>>> print(open('query.pdb').read())   # PDB, C-alpha atoms, pLDDT in the B column
MODEL        1
ATOM      1  CA  MET A   1      85.703 135.979  98.469  1.00 89.00           C
ATOM      2  CA  LYS A   2      85.561 132.921 100.702  1.00 91.00           C
ATOM      3  CA  LEU A   3      86.763 129.471  99.706  1.00 94.00           C
ATOM      4  CA  SER A   4      85.040 126.492 101.273  1.00 94.00           C
ATOM      5  CA  VAL A   5      86.231 122.929 100.953  1.00 95.00           C
ATOM      6  CA  LEU A   6      83.215 120.681 101.499  1.00 96.00           C
ATOM      7  CA  ALA A   7      84.402 117.123 101.929  1.00 95.00           C
ATOM      8  CA  VAL A   8      82.127 114.127 102.405  1.00 95.00           C
ATOM      9  CA  GLY A   9      83.766 111.825 104.905  1.00 91.00           C
ATOM     10  CA  HIS A  10      84.487 110.908 108.457  1.00 88.00           C
ATOM     11  CA  ARG A  11      86.902 112.613 110.789  1.00 88.00           C
ATOM     12  CA  GLN A  12      90.355 112.348 109.328  1.00 91.00           C
ATOM     13  CA  PRO A  13      93.579 111.332 111.085  1.00 93.00           C
ATOM     14  CA  ASP A  14      95.369 114.115 112.936  1.00 95.00           C
ATOM     15  CA  TRP A  15      98.101 114.359 110.286  1.00 95.00           C
ATOM     16  CA  VAL A  16      95.454 115.303 107.689  1.00 95.00           C
ATOM     17  CA  SER A  17      93.680 117.813 109.928  1.00 94.00           C
ATOM     18  CA  ASP A  18      96.964 119.282 111.182  1.00 96.00           C
ATOM     19  CA  GLY A  19      98.385 119.505 107.656  1.00 96.00           C
ATOM     20  CA  CYS A  20      95.290 121.227 106.288  1.00 95.00           C
ATOM     21  CA  ALA A  21      95.236 123.628 109.244  1.00 95.00           C
ATOM     22  CA  GLU A  22      98.905 124.476 108.698  1.00 95.00           C
ATOM     23  CA  TYR A  23      98.414 125.432 105.034  1.00 95.00           C
ATOM     24  CA  LEU A  24      95.187 127.301 105.696  1.00 94.00           C
ATOM     25  CA  LYS A  25      96.722 129.442 108.450  1.00 93.00           C
ATOM     26  CA  ARG A  26      99.465 130.498 106.008  1.00 92.00           C
ATOM     27  CA  LEU A  27      96.903 131.988 103.631  1.00 91.00           C
ATOM     28  CA  PRO A  28      96.386 135.750 103.673  1.00 89.00           C
ATOM     29  CA  ARG A  29      93.504 137.028 105.777  1.00 86.00           C
ATOM     30  CA  GLU A  30      91.729 138.455 102.751  1.00 84.00           C
ATOM     31  CA  LEU A  31      91.261 134.920 101.405  1.00 88.00           C
ATOM     32  CA  ALA A  32      89.298 133.013 104.023  1.00 85.00           C
ATOM     33  CA  VAL A  33      89.381 129.244 103.473  1.00 90.00           C
ATOM     34  CA  SER A  34      87.554 126.639 105.526  1.00 92.00           C
ATOM     35  CA  VAL A  35      87.271 122.861 105.439  1.00 93.00           C
ATOM     36  CA  THR A  36      83.886 121.422 106.373  1.00 94.00           C
ATOM     37  CA  GLU A  37      83.241 117.730 106.797  1.00 94.00           C
ATOM     38  CA  ILE A  38      79.951 116.522 105.409  1.00 95.00           C
ATOM     39  CA  LYS A  39      78.620 113.440 107.163  1.00 93.00           C
ATOM     40  CA  PRO A  40      78.522 110.459 104.801  1.00 93.00           C
ATOM     41  CA  GLU A  41      75.301 108.491 104.543  1.00 90.00           C
ATOM     42  CA  PRO A  42      75.429 105.180 106.448  1.00 90.00           C
ATOM     43  CA  ARG A  43      75.801 102.430 103.871  1.00 86.00           C
ATOM     44  CA  GLY A  44      73.511  99.654 105.124  1.00 85.00           C
ATOM     45  CA  SER A  45      71.452  98.204 102.291  1.00 87.00           C
ATOM     46  CA  LYS A  46      71.114 101.470 100.362  1.00 89.00           C
ATOM     47  CA  THR A  47      71.951 101.738  96.682  1.00 90.00           C
ATOM     48  CA  ARG A  48      74.732 104.007  95.467  1.00 91.00           C
ATOM     49  CA  GLU A  49      72.104 106.406  94.121  1.00 90.00           C
ATOM     50  CA  GLN A  50      70.373 106.589  97.520  1.00 90.00           C
ATOM     51  CA  LEU A  51      73.684 107.247  99.259  1.00 92.00           C
ATOM     52  CA  LEU A  52      74.640 109.989  96.816  1.00 93.00           C
ATOM     53  CA  ALA A  53      71.188 111.599  97.002  1.00 91.00           C
ATOM     54  CA  ALA A  54      71.360 111.800 100.803  1.00 93.00           C
ATOM     55  CA  GLU A  55      74.864 113.256 100.690  1.00 93.00           C
ATOM     56  CA  LYS A  56      73.778 115.706  97.967  1.00 93.00           C
ATOM     57  CA  GLY A  57      71.185 117.117 100.376  1.00 92.00           C
ATOM     58  CA  ARG A  58      73.799 117.607 103.091  1.00 94.00           C
ATOM     59  CA  ILE A  59      76.178 119.289 100.653  1.00 95.00           C
ATOM     60  CA  ARG A  60      73.385 121.592  99.414  1.00 93.00           C
ATOM     61  CA  ASP A  61      72.656 122.579 103.031  1.00 93.00           C
ATOM     62  CA  ALA A  62      76.325 123.534 103.499  1.00 94.00           C
ATOM     63  CA  LEU A  63      76.634 125.487 100.233  1.00 92.00           C
ATOM     64  CA  GLY A  64      76.345 129.226 100.273  1.00 79.00           C
ATOM     65  CA  SER A  65      73.768 130.704  97.939  1.00 88.00           C
ATOM     66  CA  GLY A  66      75.105 131.933  94.618  1.00 91.00           C
ATOM     67  CA  CYS A  67      78.565 130.473  95.131  1.00 94.00           C
ATOM     68  CA  ARG A  68      80.750 129.063  92.399  1.00 96.00           C
ATOM     69  CA  ILE A  69      80.733 125.263  92.600  1.00 96.00           C
ATOM     70  CA  VAL A  70      83.987 123.505  91.824  1.00 97.00           C
ATOM     71  CA  VAL A  71      83.863 119.713  91.758  1.00 96.00           C
ATOM     72  CA  LEU A  72      86.962 117.615  92.302  1.00 95.00           C
ATOM     73  CA  ASP A  73      86.622 114.808  89.790  1.00 92.00           C
ATOM     74  CA  GLU A  74      88.927 112.415  87.979  1.00 90.00           C
ATOM     75  CA  LYS A  75      87.580 113.764  84.663  1.00 91.00           C
ATOM     76  CA  GLY A  76      88.117 117.398  85.628  1.00 94.00           C
ATOM     77  CA  ASP A  77      90.665 119.850  84.254  1.00 95.00           C
ATOM     78  CA  ASP A  78      94.207 118.630  84.828  1.00 95.00           C
ATOM     79  CA  LEU A  79      95.903 121.865  85.859  1.00 94.00           C
ATOM     80  CA  THR A  80      99.463 122.720  86.640  1.00 93.00           C
ATOM     81  CA  THR A  81     100.031 124.779  89.758  1.00 92.00           C
ATOM     82  CA  LEU A  82     100.481 127.912  87.635  1.00 93.00           C
ATOM     83  CA  LYS A  83      97.186 127.282  85.843  1.00 95.00           C
ATOM     84  CA  LEU A  84      95.470 126.700  89.182  1.00 96.00           C
ATOM     85  CA  ALA A  85      96.863 130.046  90.357  1.00 95.00           C
ATOM     86  CA  ARG A  86      95.402 131.757  87.277  1.00 96.00           C
ATOM     87  CA  ARG A  87      92.063 130.009  87.822  1.00 96.00           C
ATOM     88  CA  LEU A  88      92.068 131.134  91.463  1.00 96.00           C
ATOM     89  CA  GLU A  89      92.863 134.665  90.347  1.00 96.00           C
ATOM     90  CA  ALA A  90      89.874 134.584  87.959  1.00 96.00           C
ATOM     91  CA  TRP A  91      87.623 133.324  90.769  1.00 95.00           C
ATOM     92  CA  MET A  92      88.825 136.151  92.990  1.00 93.00           C
ATOM     93  CA  GLN A  93      88.069 138.706  90.275  1.00 94.00           C
ATOM     94  CA  ASP A  94      84.603 137.203  89.830  1.00 93.00           C
ATOM     95  CA  GLY A  95      83.962 137.955  93.511  1.00 89.00           C
ATOM     96  CA  ARG A  96      81.617 135.067  94.267  1.00 94.00           C
ATOM     97  CA  ASP A  97      82.389 132.676  97.093  1.00 94.00           C
ATOM     98  CA  VAL A  98      83.785 129.338  95.918  1.00 96.00           C
ATOM     99  CA  ALA A  99      82.861 125.869  97.195  1.00 96.00           C
ATOM    100  CA  LEU A 100      85.252 123.045  96.318  1.00 97.00           C
ATOM    101  CA  LEU A 101      83.459 119.705  96.616  1.00 96.00           C
ATOM    102  CA  ILE A 102      85.183 116.430  97.470  1.00 95.00           C
ATOM    103  CA  GLY A 103      82.877 113.438  97.240  1.00 93.00           C
ATOM    104  CA  GLY A 104      82.768 110.478  99.573  1.00 90.00           C
ATOM    105  CA  ALA A 105      83.530 106.817  98.925  1.00 87.00           C
ATOM    106  CA  ASP A 106      80.931 106.708  96.147  1.00 88.00           C
ATOM    107  CA  GLY A 107      81.834 110.061  94.627  1.00 90.00           C
ATOM    108  CA  LEU A 108      79.413 112.921  94.071  1.00 93.00           C
ATOM    109  CA  ASP A 109      75.887 113.005  92.745  1.00 92.00           C
ATOM    110  CA  GLU A 110      75.873 113.446  88.962  1.00 91.00           C
ATOM    111  CA  GLU A 111      73.842 116.650  89.294  1.00 89.00           C
ATOM    112  CA  PHE A 112      76.781 118.395  90.993  1.00 86.00           C
ATOM    113  CA  LYS A 113      79.101 117.342  88.203  1.00 91.00           C
ATOM    114  CA  GLN A 114      76.708 118.615  85.535  1.00 92.00           C
ATOM    115  CA  GLN A 115      75.966 121.921  87.250  1.00 91.00           C
ATOM    116  CA  ALA A 116      79.503 122.653  88.413  1.00 94.00           C
ATOM    117  CA  ASP A 117      81.096 125.899  87.296  1.00 95.00           C
ATOM    118  CA  ASP A 118      84.460 124.121  87.205  1.00 95.00           C
ATOM    119  CA  LYS A 119      85.787 120.580  87.511  1.00 96.00           C
ATOM    120  CA  LEU A 120      89.310 119.979  88.739  1.00 96.00           C
ATOM    121  CA  ARG A 121      91.434 116.866  88.812  1.00 95.00           C
ATOM    122  CA  LEU A 122      94.004 116.639  91.575  1.00 94.00           C
ATOM    123  CA  SER A 123      95.934 113.679  90.220  1.00 91.00           C
ATOM    124  CA  SER A 124      95.870 110.797  87.792  1.00 88.00           C
ATOM    125  CA  LEU A 125      96.507 108.619  90.818  1.00 88.00           C
ATOM    126  CA  THR A 126      93.733 107.439  93.103  1.00 85.00           C
ATOM    127  CA  LEU A 127      94.241 109.327  96.354  1.00 87.00           C
ATOM    128  CA  PRO A 128      92.880 108.424  99.773  1.00 89.00           C
ATOM    129  CA  HIS A 129      90.216 110.884 100.848  1.00 89.00           C
ATOM    130  CA  GLY A 130      92.370 112.560 103.506  1.00 91.00           C
ATOM    131  CA  MET A 131      95.297 112.884 101.136  1.00 93.00           C
ATOM    132  CA  ALA A 132      93.036 114.618  98.590  1.00 93.00           C
ATOM    133  CA  ARG A 133      92.037 117.164 101.248  1.00 94.00           C
ATOM    134  CA  LEU A 134      95.621 117.791 102.205  1.00 96.00           C
ATOM    135  CA  VAL A 135      96.851 118.071  98.610  1.00 96.00           C
ATOM    136  CA  LEU A 136      94.032 120.512  97.830  1.00 96.00           C
ATOM    137  CA  CYS A 137      94.846 122.703 100.835  1.00 95.00           C
ATOM    138  CA  GLU A 138      98.547 122.705  99.952  1.00 95.00           C
ATOM    139  CA  GLN A 139      97.848 123.535  96.311  1.00 95.00           C
ATOM    140  CA  LEU A 140      95.550 126.414  97.266  1.00 95.00           C
ATOM    141  CA  TYR A 141      98.338 127.793  99.437  1.00 94.00           C
ATOM    142  CA  ARG A 142     100.850 127.254  96.636  1.00 93.00           C
ATOM    143  CA  ALA A 143      98.568 128.974  94.092  1.00 94.00           C
ATOM    144  CA  VAL A 144      98.210 131.996  96.375  1.00 93.00           C
ATOM    145  CA  SER A 145     101.995 131.981  96.825  1.00 92.00           C
ATOM    146  CA  VAL A 146     102.389 132.169  93.039  1.00 92.00           C
ATOM    147  CA  LEU A 147      99.962 135.090  92.835  1.00 92.00           C
ATOM    148  CA  LYS A 148     101.811 136.918  95.644  1.00 90.00           C
ATOM    149  CA  ASN A 149     105.265 136.168  94.128  1.00 87.00           C
ATOM    150  CA  HIS A 150     106.152 134.367  97.350  1.00 77.00           C
ATOM    151  CA  PRO A 151     109.238 132.091  97.110  1.00 74.00           C
ATOM    152  CA  TYR A 152     107.332 128.981  98.319  1.00 70.00           C
ATOM    153  CA  HIS A 153     106.733 127.971  94.707  1.00 64.00           C
ATOM    154  CA  ARG A 154     109.817 127.540  92.543  1.00 66.00           C
ATOM    155  CA  GLU A 155     109.602 127.031  88.790  1.00 67.00           C
ATOM    156  CA  GLY A 156     112.258 125.374  86.734  1.00 53.00           C
TER     157      GLY A 156
ENDMDL
END
>>> encode(input="query.pdb", output="structure tokens")
Amino acid sequence: MKLSVLAVGHRQPDWVSDGCAEYLKRLPRELAVSVTEIKPEPRGSKTREQLLAAEKGRIRDALGSGCRIVVLDEKGDDLTTLKLARRLEAWMQDGRDVALLIGGADGLDEEFKQQADDKLRLSSLTLPHGMARLVLCEQLYRAVSVLKNHPYHREG
């Protein structure tokens, strides 16, 4: 199974890219994870719907066929780290590749939200785009650590 983080947005500051790279390199080889930036649509005089539709096309082009789509959304499931680990374990048992979608400044097209296999919420707080990427990468590493009984995650 491959995990892909597809994030609409511009190049992030080095601390975001470096942080994501650090957590991703710690993951076991059998769980390949990548972060792909999806170019946001130039704003100009376009409506929100036009922006989201253009970005939807770019995301679709980057999606693998038959993959599980997981949308990061403020109305998604509010999981603890242990529950995320169990969800990840279920995805791994399913065997399909997984694409985790992070929308741009205007969010994600409603169609993705409706067709998503899962919706996750990272935080009740509003996070800057780069921080969301970094938190997601760290939490994926932490979830794998839980599954591998690695001491990185400490309960209690």
>>> residues_around(input="query.pdb", residues="range 60-75 of chain A", least_positions_apart="4", cutoff="7 Å", atoms="all atoms listed in the file", output="VMD selection string")
chain A and resid 56 96 to 102 113 116 to 121
>>> closest_residue(input="query.pdb", among="A:Ala32, A:Ala90, A:Ala143, A:Ala105", to="Pro128 in chain A", atoms="only C-alpha atoms")
A:Ala105
>>> atom_distance(input="query.pdb", atom1="CA of Leu27 in chain A", atom2="CA of Leu82 in chain A")
16.9 Å
>>> atom_distance(input="query.pdb", atom1="CA of Gln93 in chain A", atom2="CA of Ser124 in chain A")
29.1 Å
>>> residues_around(input="query.pdb", residues="Glu55 in chain A", least_positions_apart="6", cutoff="9 Å", atoms="all atoms listed in the file", output="PyMOL selection string")
chain A and resi 8+38-41+103-104+108-109
>>> closest_residue(input="query.pdb", among="A:Asp94, A:Glu138, A:Glu37, A:Glu49", to="Ala21 in chain A", atoms="only C-alpha atoms")
A:Glu138
>>> residues_around(input="query.pdb", residues="range 13-17 of chain A", least_positions_apart="3", cutoff="8 Å", atoms="only C-alpha atoms", output="list in words")
Cys20, Ala21, Gly130, Met131, Arg133 and Leu134 of chain A
>>> closest_residue(input="query.pdb", among="A:Ala132, A:Leu122, A:Leu127, A:Asp106", to="Arg48 in chain A", atoms="all atoms listed in the file")
A:Asp106
>>> closest_residue(input="query.pdb", among="A:Gln139, A:Ser4, A:Gln12, A:Ser45", to="Leu79 in chain A", atoms="only C-alpha atoms")
A:Gln139
>>> atom_distance(input="query.pdb", atom1="CA of Leu3 in chain A", atom2="CA of Val35 in chain A")
8.8 Å
>>> closest_residue(input="query.pdb", among="A:Leu140, A:Val135, A:Leu125, A:Leu52", to="Ala85 in chain A", atoms="only C-alpha atoms")
A:Leu140
>>> residues_near_point(input="query.pdb", point="(98.1, 134.5, 96.4)", cutoff="9 Å", atoms="only C-alpha atoms", output="list of chain:residue names")
A:Leu27, A:Pro28, A:Leu31, A:Ala85, A:Leu88, A:Glu89, A:Leu140, A:Tyr141, A:Arg142, A:Ala143, A:Val144, A:Ser145, A:Val146, A:Leu147, A:Lys148, A:Asn149, A:His150
>>> closest_residue(input="query.pdb", among="A:Lys25, A:Thr36, A:Gln115, A:Leu51", to="Ala7 in chain A", atoms="all atoms listed in the file")
A:Thr36
>>> build_atoms(input="query.pdb", residues="range 19-43 of chain A", atoms="N, CA, C and O atoms", output="PDB file, in the coordinates of the input")
ATOM      1  N   GLY A  19      97.786 119.027 108.909  1.00 96.00           N
ATOM      2  CA  GLY A  19      98.385 119.505 107.656  1.00 96.00           C
ATOM      3  C   GLY A  19      97.514 120.542 106.978  1.00 96.00           C
ATOM      4  O   GLY A  19      98.000 121.598 106.540  1.00 96.00           O
ATOM      5  N   CYS A  20      96.215 120.257 106.889  1.00 95.00           N
ATOM      6  CA  CYS A  20      95.290 121.227 106.288  1.00 95.00           C
ATOM      7  C   CYS A  20      95.310 122.534 107.076  1.00 95.00           C
ATOM      8  O   CYS A  20      95.403 123.625 106.494  1.00 95.00           O
ATOM      9  N   ALA A  21      95.238 122.427 108.398  1.00 95.00           N
ATOM     10  CA  ALA A  21      95.236 123.628 109.244  1.00 95.00           C
ATOM     11  C   ALA A  21      96.499 124.445 109.035  1.00 95.00           C
ATOM     12  O   ALA A  21      96.460 125.685 109.003  1.00 95.00           O
ATOM     13  N   GLU A  22      97.632 123.770 108.898  1.00 95.00           N
ATOM     14  CA  GLU A  22      98.905 124.476 108.698  1.00 95.00           C
ATOM     15  C   GLU A  22      98.891 125.287 107.408  1.00 95.00           C
ATOM     16  O   GLU A  22      99.272 126.466 107.394  1.00 95.00           O
ATOM     17  N   TYR A  23      98.448 124.701 106.306  1.00 95.00           N
ATOM     18  CA  TYR A  23      98.414 125.432 105.034  1.00 95.00           C
ATOM     19  C   TYR A  23      97.369 126.542 105.061  1.00 95.00           C
ATOM     20  O   TYR A  23      97.614 127.636 104.533  1.00 95.00           O
ATOM     21  N   LEU A  24      96.240 126.291 105.674  1.00 94.00           N
ATOM     22  CA  LEU A  24      95.187 127.301 105.696  1.00 94.00           C
ATOM     23  C   LEU A  24      95.578 128.515 106.537  1.00 94.00           C
ATOM     24  O   LEU A  24      95.236 129.645 106.200  1.00 94.00           O
ATOM     25  N   LYS A  25      96.328 128.291 107.622  1.00 93.00           N
ATOM     26  CA  LYS A  25      96.722 129.442 108.450  1.00 93.00           C
ATOM     27  C   LYS A  25      97.781 130.294 107.751  1.00 93.00           C
ATOM     28  O   LYS A  25      97.948 131.457 108.096  1.00 93.00           O
ATOM     29  N   ARG A  26      98.464 129.740 106.760  1.00 92.00           N
ATOM     30  CA  ARG A  26      99.465 130.498 106.008  1.00 92.00           C
ATOM     31  C   ARG A  26      98.835 131.410 104.959  1.00 92.00           C
ATOM     32  O   ARG A  26      99.512 132.288 104.428  1.00 92.00           O
ATOM     33  N   LEU A  27      97.565 131.183 104.657  1.00 91.00           N
ATOM     34  CA  LEU A  27      96.903 131.988 103.631  1.00 91.00           C
ATOM     35  C   LEU A  27      96.663 133.406 104.138  1.00 91.00           C
ATOM     36  O   LEU A  27      96.474 133.621 105.335  1.00 91.00           O
ATOM     37  N   PRO A  28      96.644 134.371 103.231  1.00 89.00           N
ATOM     38  CA  PRO A  28      96.386 135.750 103.673  1.00 89.00           C
ATOM     39  C   PRO A  28      94.967 135.897 104.224  1.00 89.00           C
ATOM     40  O   PRO A  28      94.052 135.176 103.816  1.00 89.00           O
ATOM     41  N   ARG A  29      94.802 136.835 105.124  1.00 86.00           N
ATOM     42  CA  ARG A  29      93.504 137.028 105.777  1.00 86.00           C
ATOM     43  C   ARG A  29      92.393 137.385 104.798  1.00 86.00           C
ATOM     44  O   ARG A  29      91.239 137.080 105.030  1.00 86.00           O
ATOM     45  N   GLU A  30      92.760 138.048 103.711  1.00 84.00           N
ATOM     46  CA  GLU A  30      91.729 138.455 102.751  1.00 84.00           C
ATOM     47  C   GLU A  30      91.169 137.281 101.946  1.00 84.00           C
ATOM     48  O   GLU A  30      90.189 137.431 101.234  1.00 84.00           O
ATOM     49  N   LEU A  31      91.776 136.116 102.075  1.00 88.00           N
ATOM     50  CA  LEU A  31      91.261 134.920 101.405  1.00 88.00           C
ATOM     51  C   LEU A  31      90.938 133.876 102.478  1.00 88.00           C
ATOM     52  O   LEU A  31      91.761 133.042 102.840  1.00 88.00           O
ATOM     53  N   ALA A  32      89.732 133.944 102.980  1.00 85.00           N
ATOM     54  CA  ALA A  32      89.298 133.013 104.023  1.00 85.00           C
ATOM     55  C   ALA A  32      88.996 131.651 103.403  1.00 85.00           C
ATOM     56  O   ALA A  32      88.254 131.558 102.429  1.00 85.00           O
ATOM     57  N   VAL A  33      89.611 130.600 103.953  1.00 90.00           N
ATOM     58  CA  VAL A  33      89.381 129.244 103.473  1.00 90.00           C
ATOM     59  C   VAL A  33      88.987 128.384 104.672  1.00 90.00           C
ATOM     60  O   VAL A  33      89.598 128.469 105.731  1.00 90.00           O
ATOM     61  N   SER A  34      87.970 127.551 104.466  1.00 92.00           N
ATOM     62  CA  SER A  34      87.554 126.639 105.526  1.00 92.00           C
ATOM     63  C   SER A  34      87.370 125.244 104.946  1.00 92.00           C
ATOM     64  O   SER A  34      87.124 125.081 103.754  1.00 92.00           O
ATOM     65  N   VAL A  35      87.529 124.255 105.811  1.00 93.00           N
ATOM     66  CA  VAL A  35      87.271 122.861 105.439  1.00 93.00           C
ATOM     67  C   VAL A  35      86.115 122.390 106.316  1.00 93.00           C
ATOM     68  O   VAL A  35      86.179 122.473 107.543  1.00 93.00           O
ATOM     69  N   THR A  36      85.066 121.916 105.665  1.00 94.00           N
ATOM     70  CA  THR A  36      83.886 121.422 106.373  1.00 94.00           C
ATOM     71  C   THR A  36      83.654 119.968 106.010  1.00 94.00           C
ATOM     72  O   THR A  36      83.609 119.626 104.818  1.00 94.00           O
ATOM     73  N   GLU A  37      83.554 119.141 107.036  1.00 94.00           N
ATOM     74  CA  GLU A  37      83.241 117.730 106.797  1.00 94.00           C
ATOM     75  C   GLU A  37      81.737 117.569 106.663  1.00 94.00           C
ATOM     76  O   GLU A  37      80.974 118.079 107.478  1.00 94.00           O
ATOM     77  N   ILE A  38      81.349 116.851 105.638  1.00 95.00           N
ATOM     78  CA  ILE A  38      79.951 116.522 105.409  1.00 95.00           C
ATOM     79  C   ILE A  38      79.775 115.059 105.800  1.00 95.00           C
ATOM     80  O   ILE A  38      80.501 114.189 105.297  1.00 95.00           O
ATOM     81  N   LYS A  39      78.835 114.808 106.673  1.00 93.00           N
ATOM     82  CA  LYS A  39      78.620 113.440 107.163  1.00 93.00           C
ATOM     83  C   LYS A  39      78.207 112.517 106.012  1.00 93.00           C
ATOM     84  O   LYS A  39      77.249 112.800 105.294  1.00 93.00           O
ATOM     85  N   PRO A  40      78.929 111.414 105.837  1.00 93.00           N
ATOM     86  CA  PRO A  40      78.522 110.459 104.801  1.00 93.00           C
ATOM     87  C   PRO A  40      77.262 109.703 105.230  1.00 93.00           C
ATOM     88  O   PRO A  40      77.002 109.546 106.425  1.00 93.00           O
ATOM     89  N   GLU A  41      76.506 109.267 104.263  1.00 90.00           N
ATOM     90  CA  GLU A  41      75.301 108.491 104.543  1.00 90.00           C
ATOM     91  C   GLU A  41      75.712 107.082 104.968  1.00 90.00           C
ATOM     92  O   GLU A  41      76.575 106.465 104.323  1.00 90.00           O
ATOM     93  N   PRO A  42      75.124 106.562 106.061  1.00 90.00           N
ATOM     94  CA  PRO A  42      75.429 105.180 106.448  1.00 90.00           C
ATOM     95  C   PRO A  42      75.065 104.229 105.308  1.00 90.00           C
ATOM     96  O   PRO A  42      73.999 104.351 104.703  1.00 90.00           O
ATOM     97  N   ARG A  43      75.952 103.293 105.033  1.00 86.00           N
ATOM     98  CA  ARG A  43      75.801 102.430 103.871  1.00 86.00           C
ATOM     99  C   ARG A  43      74.625 101.462 103.989  1.00 86.00           C
ATOM    100  O   ARG A  43      73.741 101.482 103.164  1.00 86.00           O
TER     101      ARG A  43
END
